[in-house]
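Undergrad: A single structure is presented below for examination.
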Amino acid sequence: MDPVTAAAERFGTAPALITPETTLSFEECDTLAGSIAAHLQQKGAVEGAIVAILSPNTVELILCLYALLKAGMVAAPLNHRLPETTLSRMKKALRPDITLNTEECASLVSAARANPAKMMPSCNGTLSPATIIHTSASTGTAKAVVHTTGSHLANARGANGNIPFGPGCLWLLSLPLFHIGGCAILYRSLTSGGAVAIDSAGTAIQHSLTRFPLTHLSLVPTQLYRLLSMEETAVPLQRLKAILLGGAPATACLIENAASRHLPVYLSYGSTEMSSQIATTPSPLTAPGVPPLSLLSGREAATAPDGELLVRGSCLFSGYFHNGALLPATDSEGWFHTGDIGTIDNEGRLELMGRKDSMFISGGENIHPEEIERALLQVDGILEALVVPVPDSEYGERPAAFIRSSAPGEPDEKSIREQVRQQVGRLKTPVLFYRVCQWATLPGSDKTDRIWYQRVAREYRTGEVSDGLSA
């Protein structure tokens, strides 16, 4: 039985999707999705067909995703905000059987309402491909990640076991459905009976907070930082049962700010390849500092000799879709190599150090930019920091820092150098500082574009910079 039908049987007339204009129950979603699937089948779509979709979050998009799930077709939502040249390249690699946009999703829903039809039953099981979600490409080219219904459901069960979400709860769809974090919210709803709130496209989160009686919210650190600066969000945020914070490292300053306001923030580490969450704090943050994360049920983790985190479990993806084929991406023991560096203790608590591919070598020593970033954020007045390598004739590469501070020109570079040097040593102290007012992010994302900043720093690097290191 597909998850949409199963949810309808379990939760019946309980609300499943809530918009400013209407509410749809699980039964209504199942009926509409079945009719949409029938209309797609009448157009020649078959089980296993790849359906690319370019649309912002709408209730029509969700109903179409549910229809594809029921019919055993593969949903491939794409980041509609990307440049057309990039989208064309992605679609060429996907080779979709059908491509839908916002208007076509709406037309399918209208047709399903006006002319209800009965779909041909699907024979696909939980091990058949269900989605193709692209990675955010924060360190390179986006990869097409294939998941089965089973892997999505396994992720949802483990996530719901850590942060309860069920009937009477309402989770705002604040992340795009082409992002694994947005997709995971739908599966959590189908698994547990909690409802999903979908606001009008383009509505700011702070407005949705006051429009819906929300209980749960997913955010990336940049979104939380912005919300904490707004007076009107203080009370709505405190009323929530859970704020799931992930997608990028959270700064100690942000964590301290959230904890001081008694917000129910859960820190999470995950990946597209593991269907979303891998490890999350078992309870809301109550004190400053970055606490260790606990592995969720159904996940395993280990470390390679070089410190790289390896993960596997029932929520692991099937492989990468490339040139019409599924390419496995695990080693001989079934481990997926995350590219992240970290540690795991005997109780399964995980601490992250940084990205393996962002590490560089300076004077023969391995340098992890994230360690320097943490040191910079301990300097009073620095709000955000990003460290990248730049060429150096003597040491090969040296760190350069982009910083955003609370006041223009403050703190001064001499003060920053002295404080950072005390924490991480002279070799890891940045030789160059660039001040930014607003971060450049990846298209359609709130993630900082680290590669862009590395390129900019290399272009600005001229001559040799002496900081007294060799003195």
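Here's how to read the names in the structure tokens: chain A, B, ... by the order shown, residue numbers from 1 in each chain, ligand numbers from 1 in the order shown.
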Which residues are near Ala93 (chain A)? Cut-off 10 Å, only C-alpha atoms, ignore same chain within fewer than 5 positions. Put them as a list of chain:residue names.
TA: A:Leu87, A:Ser88, A:Ala144, A:Phe321, A:His322, A:Asn323, A:Gly324
Undergrad: Could you take the residues named above and write them with C-alpha atoms, as a PDB file, in the first residue's frame?
TA:
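Final output, saved to result_36.pdb:
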ATOM      1  CA  LEU A  87      18.148  23.889 -15.622  1.00  0.00           C
ATOM      2  CA  SER A  88      18.543  22.819 -19.225  1.00  0.00           C
ATOM      3  CA  ALA A 144      20.989  13.668  -8.553  1.00  0.00           C
ATOM      4  CA  PHE A 321      21.317   9.087 -11.290  1.00  0.00           C
ATOM      5  CA  HIS A 322      23.713   9.820 -14.146  1.00  0.00           C
ATOM      6  CA  ASN A 323      23.250   9.448 -17.905  1.00  0.00           C
ATOM      7  CA  GLY A 324      20.169   7.286 -17.473  1.00  0.00           C
TER       8      GLY A 324
END
Undergrad: If we count only C-alpha atoms, what is near region 203-205 of chain A at a cut-off of 10 Å, once residues fewer than 2 positions away on the same chain are taken out, given as JSON, numbers by chain?
TA: {"A": [172, 173, 174, 198, 199, 200, 201, 207, 208, 209, 210, 211, 217, 219, 223, 224, 226, 227, 233]}
Undergrad: Please, could you write that set of residues out with C-alpha atoms as a short mmCIF file (atom, residue, chain, number, x, y, z; two decimals), in the first residue's frame?
TA:
data_model
loop_
_atom_site.label_atom_id
_atom_site.label_comp_id
_atom_site.auth_asym_id
_atom_site.auth_seq_id
_atom_site.Cartn_x
_atom_site.Cartn_y
_atom_site.Cartn_z
CA LEU A 172 5.20 24.99 8.21
CA LEU A 173 6.60 24.04 4.81
CA SER A 174 9.34 26.66 5.07
CA ILE A 198 1.58 25.88 2.97
CA ASP A 199 1.48 29.63 2.67
CA SER A 200 1.12 31.59 -0.55
CA ALA A 201 4.24 31.50 -2.72
CA HIS A 207 4.09 36.44 8.24
CA SER A 208 3.36 32.70 8.19
CA LEU A 209 4.27 32.51 11.88
CA THR A 210 1.36 34.79 12.73
CA ARG A 211 -1.04 33.39 10.11
CA LEU A 217 9.27 24.74 11.99
CA LEU A 219 14.97 26.49 9.39
CA GLN A 223 16.57 32.09 8.42
CA LEU A 224 16.67 31.84 12.22
CA ARG A 226 16.81 36.94 10.46
CA LEU A 227 13.76 35.94 12.49
CA THR A 233 8.42 36.93 15.74
#
Undergrad: Rounded to one decimal in Å, what is the spacing between CA of Ala197 (chain A) and CA of Leu254 (chain A)?
TA: 25.9 Å
Undergrad: Could you check which of A:Asp449, A:Leu432, A:Leu54, A:Lys70 is closest to Thr99 (chain A), using only C-alpha atoms?
TA: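 The closest residue to Thr99 (chain A) is A:Leu54.
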Undergrad: Running DSSP on the backbone, which parts of region 200-433 of chain A land in alpha helix (DSSP H), as a ChimeraX atom specification?
TA: /A:205-211,221-228,234-239,252-260,369-376,413-424
Undergrad: Can I get the selected residues back with N, CA and C atoms, as a compact mmCIF listing (two decimals), in the first residue's frame?
TA:
# COMPACT_ATOMS: atom_id res chain seq x y z
N ILE A 205 8.49 34.11 6.06
CA ILE A 205 8.23 33.21 7.18
C ILE A 205 7.62 33.95 8.36
N GLN A 206 8.07 35.18 8.60
CA GLN A 206 7.55 35.92 9.76
C GLN A 206 6.04 36.16 9.64
N HIS A 207 5.53 36.28 8.43
CA HIS A 207 4.09 36.44 8.24
C HIS A 207 3.37 35.11 8.45
N SER A 208 3.98 34.02 7.99
CA SER A 208 3.36 32.70 8.19
C SER A 208 3.29 32.34 9.67
N LEU A 209 4.26 32.81 10.45
CA LEU A 209 4.27 32.51 11.88
C LEU A 209 3.04 33.06 12.59
N THR A 210 2.53 34.19 12.10
CA THR A 210 1.36 34.79 12.73
C THR A 210 0.06 34.37 12.06
N ARG A 211 0.15 33.77 10.88
CA ARG A 211 -1.04 33.39 10.11
C ARG A 211 -1.56 32.01 10.50
N PRO A 221 20.24 28.14 9.48
CA PRO A 221 20.71 29.18 10.40
C PRO A 221 20.45 30.60 9.93
N THR A 222 20.61 30.87 8.64
CA THR A 222 20.38 32.23 8.14
C THR A 222 18.94 32.66 8.38
N GLN A 223 17.98 31.76 8.18
CA GLN A 223 16.57 32.09 8.42
C GLN A 223 16.32 32.40 9.89
N LEU A 224 16.88 31.59 10.79
CA LEU A 224 16.67 31.84 12.22
C LEU A 224 17.30 33.16 12.63
N TYR A 225 18.49 33.42 12.12
CA TYR A 225 19.17 34.69 12.44
C TYR A 225 18.27 35.88 12.08
N ARG A 226 17.67 35.84 10.90
CA ARG A 226 16.81 36.94 10.46
C ARG A 226 15.57 37.05 11.33
N LEU A 227 14.98 35.91 11.67
CA LEU A 227 13.76 35.94 12.49
C LEU A 227 14.03 36.49 13.89
N LEU A 228 15.20 36.18 14.44
CA LEU A 228 15.52 36.66 15.78
C LEU A 228 15.71 38.18 15.83
N ALA A 234 8.98 37.18 18.10
CA ALA A 234 9.41 36.69 19.41
C ALA A 234 8.39 35.72 20.02
N VAL A 235 7.14 36.15 20.13
CA VAL A 235 6.11 35.32 20.77
C VAL A 235 5.77 34.09 19.92
N PRO A 236 5.53 34.23 18.61
CA PRO A 236 5.23 33.03 17.80
C PRO A 236 6.32 31.97 17.85
N LEU A 237 7.59 32.38 17.89
CA LEU A 237 8.67 31.40 17.96
C LEU A 237 8.67 30.67 19.30
N GLN A 238 8.38 31.39 20.37
CA GLN A 238 8.37 30.77 21.69
C GLN A 238 7.20 29.80 21.87
N ARG A 239 6.15 29.97 21.10
CA ARG A 239 4.98 29.09 21.20
C ARG A 239 5.19 27.75 20.53
N ALA A 252 28.02 29.67 17.36
CA ALA A 252 27.82 29.67 18.81
C ALA A 252 26.99 30.88 19.23
N CYS A 253 27.17 32.00 18.55
CA CYS A 253 26.41 33.21 18.86
C CYS A 253 24.92 33.01 18.61
N LEU A 254 24.60 32.36 17.49
CA LEU A 254 23.20 32.10 17.17
C LEU A 254 22.58 31.14 18.19
N ILE A 255 23.32 30.11 18.55
CA ILE A 255 22.83 29.13 19.52
C ILE A 255 22.59 29.80 20.87
N GLU A 256 23.53 30.65 21.28
CA GLU A 256 23.39 31.36 22.56
C GLU A 256 22.17 32.27 22.55
N ASN A 257 21.96 32.96 21.42
CA ASN A 257 20.81 33.85 21.29
C ASN A 257 19.50 33.08 21.40
N ALA A 258 19.42 31.95 20.69
CA ALA A 258 18.20 31.14 20.72
C ALA A 258 17.95 30.55 22.11
N ALA A 259 19.02 30.06 22.75
CA ALA A 259 18.88 29.47 24.08
C ALA A 259 18.46 30.51 25.11
N SER A 260 18.98 31.72 24.99
CA SER A 260 18.63 32.77 25.95
C SER A 260 17.17 33.17 25.85
N PRO A 369 39.18 25.01 7.73
CA PRO A 369 38.64 26.37 7.83
C PRO A 369 37.63 26.54 8.95
N GLU A 370 36.84 25.50 9.20
CA GLU A 370 35.79 25.62 10.22
C GLU A 370 36.36 25.87 11.61
N GLU A 371 37.55 25.34 11.90
CA GLU A 371 38.18 25.60 13.19
C GLU A 371 38.52 27.08 13.34
N ILE A 372 39.02 27.68 12.26
CA ILE A 372 39.36 29.11 12.30
C ILE A 372 38.10 29.96 12.37
N GLU A 373 37.06 29.52 11.67
CA GLU A 373 35.79 30.25 11.72
C GLU A 373 35.23 30.28 13.14
N ARG A 374 35.35 29.15 13.84
CA ARG A 374 34.87 29.13 15.23
C ARG A 374 35.66 30.08 16.10
N ALA A 375 36.96 30.17 15.85
CA ALA A 375 37.80 31.09 16.62
C ALA A 375 37.43 32.55 16.32
N LEU A 376 37.17 32.84 15.06
CA LEU A 376 36.78 34.21 14.69
C LEU A 376 35.47 34.61 15.36
N GLU A 413 41.62 44.87 12.55
CA GLU A 413 42.32 43.64 12.17
C GLU A 413 43.39 43.24 13.18
N LYS A 414 44.06 44.21 13.77
CA LYS A 414 45.10 43.88 14.76
C LYS A 414 44.50 43.13 15.94
N SER A 415 43.35 43.60 16.42
CA SER A 415 42.68 42.95 17.54
C SER A 415 42.21 41.55 17.15
N ILE A 416 41.68 41.42 15.94
CA ILE A 416 41.22 40.10 15.48
C ILE A 416 42.38 39.13 15.42
N ARG A 417 43.50 39.55 14.82
CA ARG A 417 44.66 38.67 14.68
C ARG A 417 45.15 38.19 16.04
N GLU A 418 45.25 39.10 16.98
CA GLU A 418 45.78 38.75 18.30
C GLU A 418 44.90 37.72 18.99
N GLN A 419 43.59 37.91 18.93
CA GLN A 419 42.68 36.99 19.62
C GLN A 419 42.62 35.63 18.93
N VAL A 420 42.62 35.63 17.60
CA VAL A 420 42.56 34.37 16.88
C VAL A 420 43.86 33.59 17.05
N ARG A 421 44.98 34.32 17.04
CA ARG A 421 46.28 33.68 17.19
C ARG A 421 46.40 32.98 18.54
N GLN A 422 45.80 33.56 19.57
CA GLN A 422 45.83 32.94 20.89
C GLN A 422 45.07 31.62 20.92
N GLN A 423 44.03 31.51 20.06
CA GLN A 423 43.19 30.31 20.07
C GLN A 423 43.70 29.20 19.15
N VAL A 424 44.18 29.57 17.96
CA VAL A 424 44.54 28.54 16.98
C VAL A 424 45.99 28.57 16.54
Undergrad: Using only C-alpha atoms, I'd like a table of the residues in region 53-127 of chain A that come within 12 Å of region 439-442 of chain A; for each, show the closest atom pair and its distance in Å rounded to one decimal, ordered by chain and ascending number, as a Markdown table.
TA:
| residue | atom | partner | partner_atom | distance |
| --- | --- | --- | --- | --- |
| A:Asn79 | CA | A:Leu442 | CA | 11.1 |
| A:Arg81 | CA | A:Leu442 | CA | 10.4 |
| A:Leu82 | CA | A:Leu442 | CA | 9.3 |
| A:Pro83 | CA | A:Leu442 | CA | 11.6 |
Undergrad: Can those selected residues be exported to a file as a JSON list (two decimals), in the first residue's frame so that it contains C-alpha atoms?
TA:
[["chain", "number", "residue", "atom", "x", "y", "z"],
["A", 79, "ASN", "CA", 15.18, 24.31, -8.26],
["A", 81, "ARG", "CA", 15.19, 29.61, -9.31],
["A", 82, "LEU", "CA", 18.27, 28.37, -11.14],
["A", 83, "PRO", "CA", 19.38, 29.99, -14.43]]
Undergrad: Please list as a ChimeraX atom specification every residue within 8 Å of Ala37 (chain A), counting only C-alpha atoms and excluding residues in the same chain fewer than 3 positions away.
TA: /A:33-34,40-41,64,67-68,70-71,119
Undergrad: Excluding region 125-136 of chain A and residues on its chain fewer than 3 positions from it, collect all residues at most 7 Å away from it, counting only C-alpha atoms, and give them as a VMD selection string.
TA: chain A and resid 69 72 to 77 142 to 150 178 to 180 272
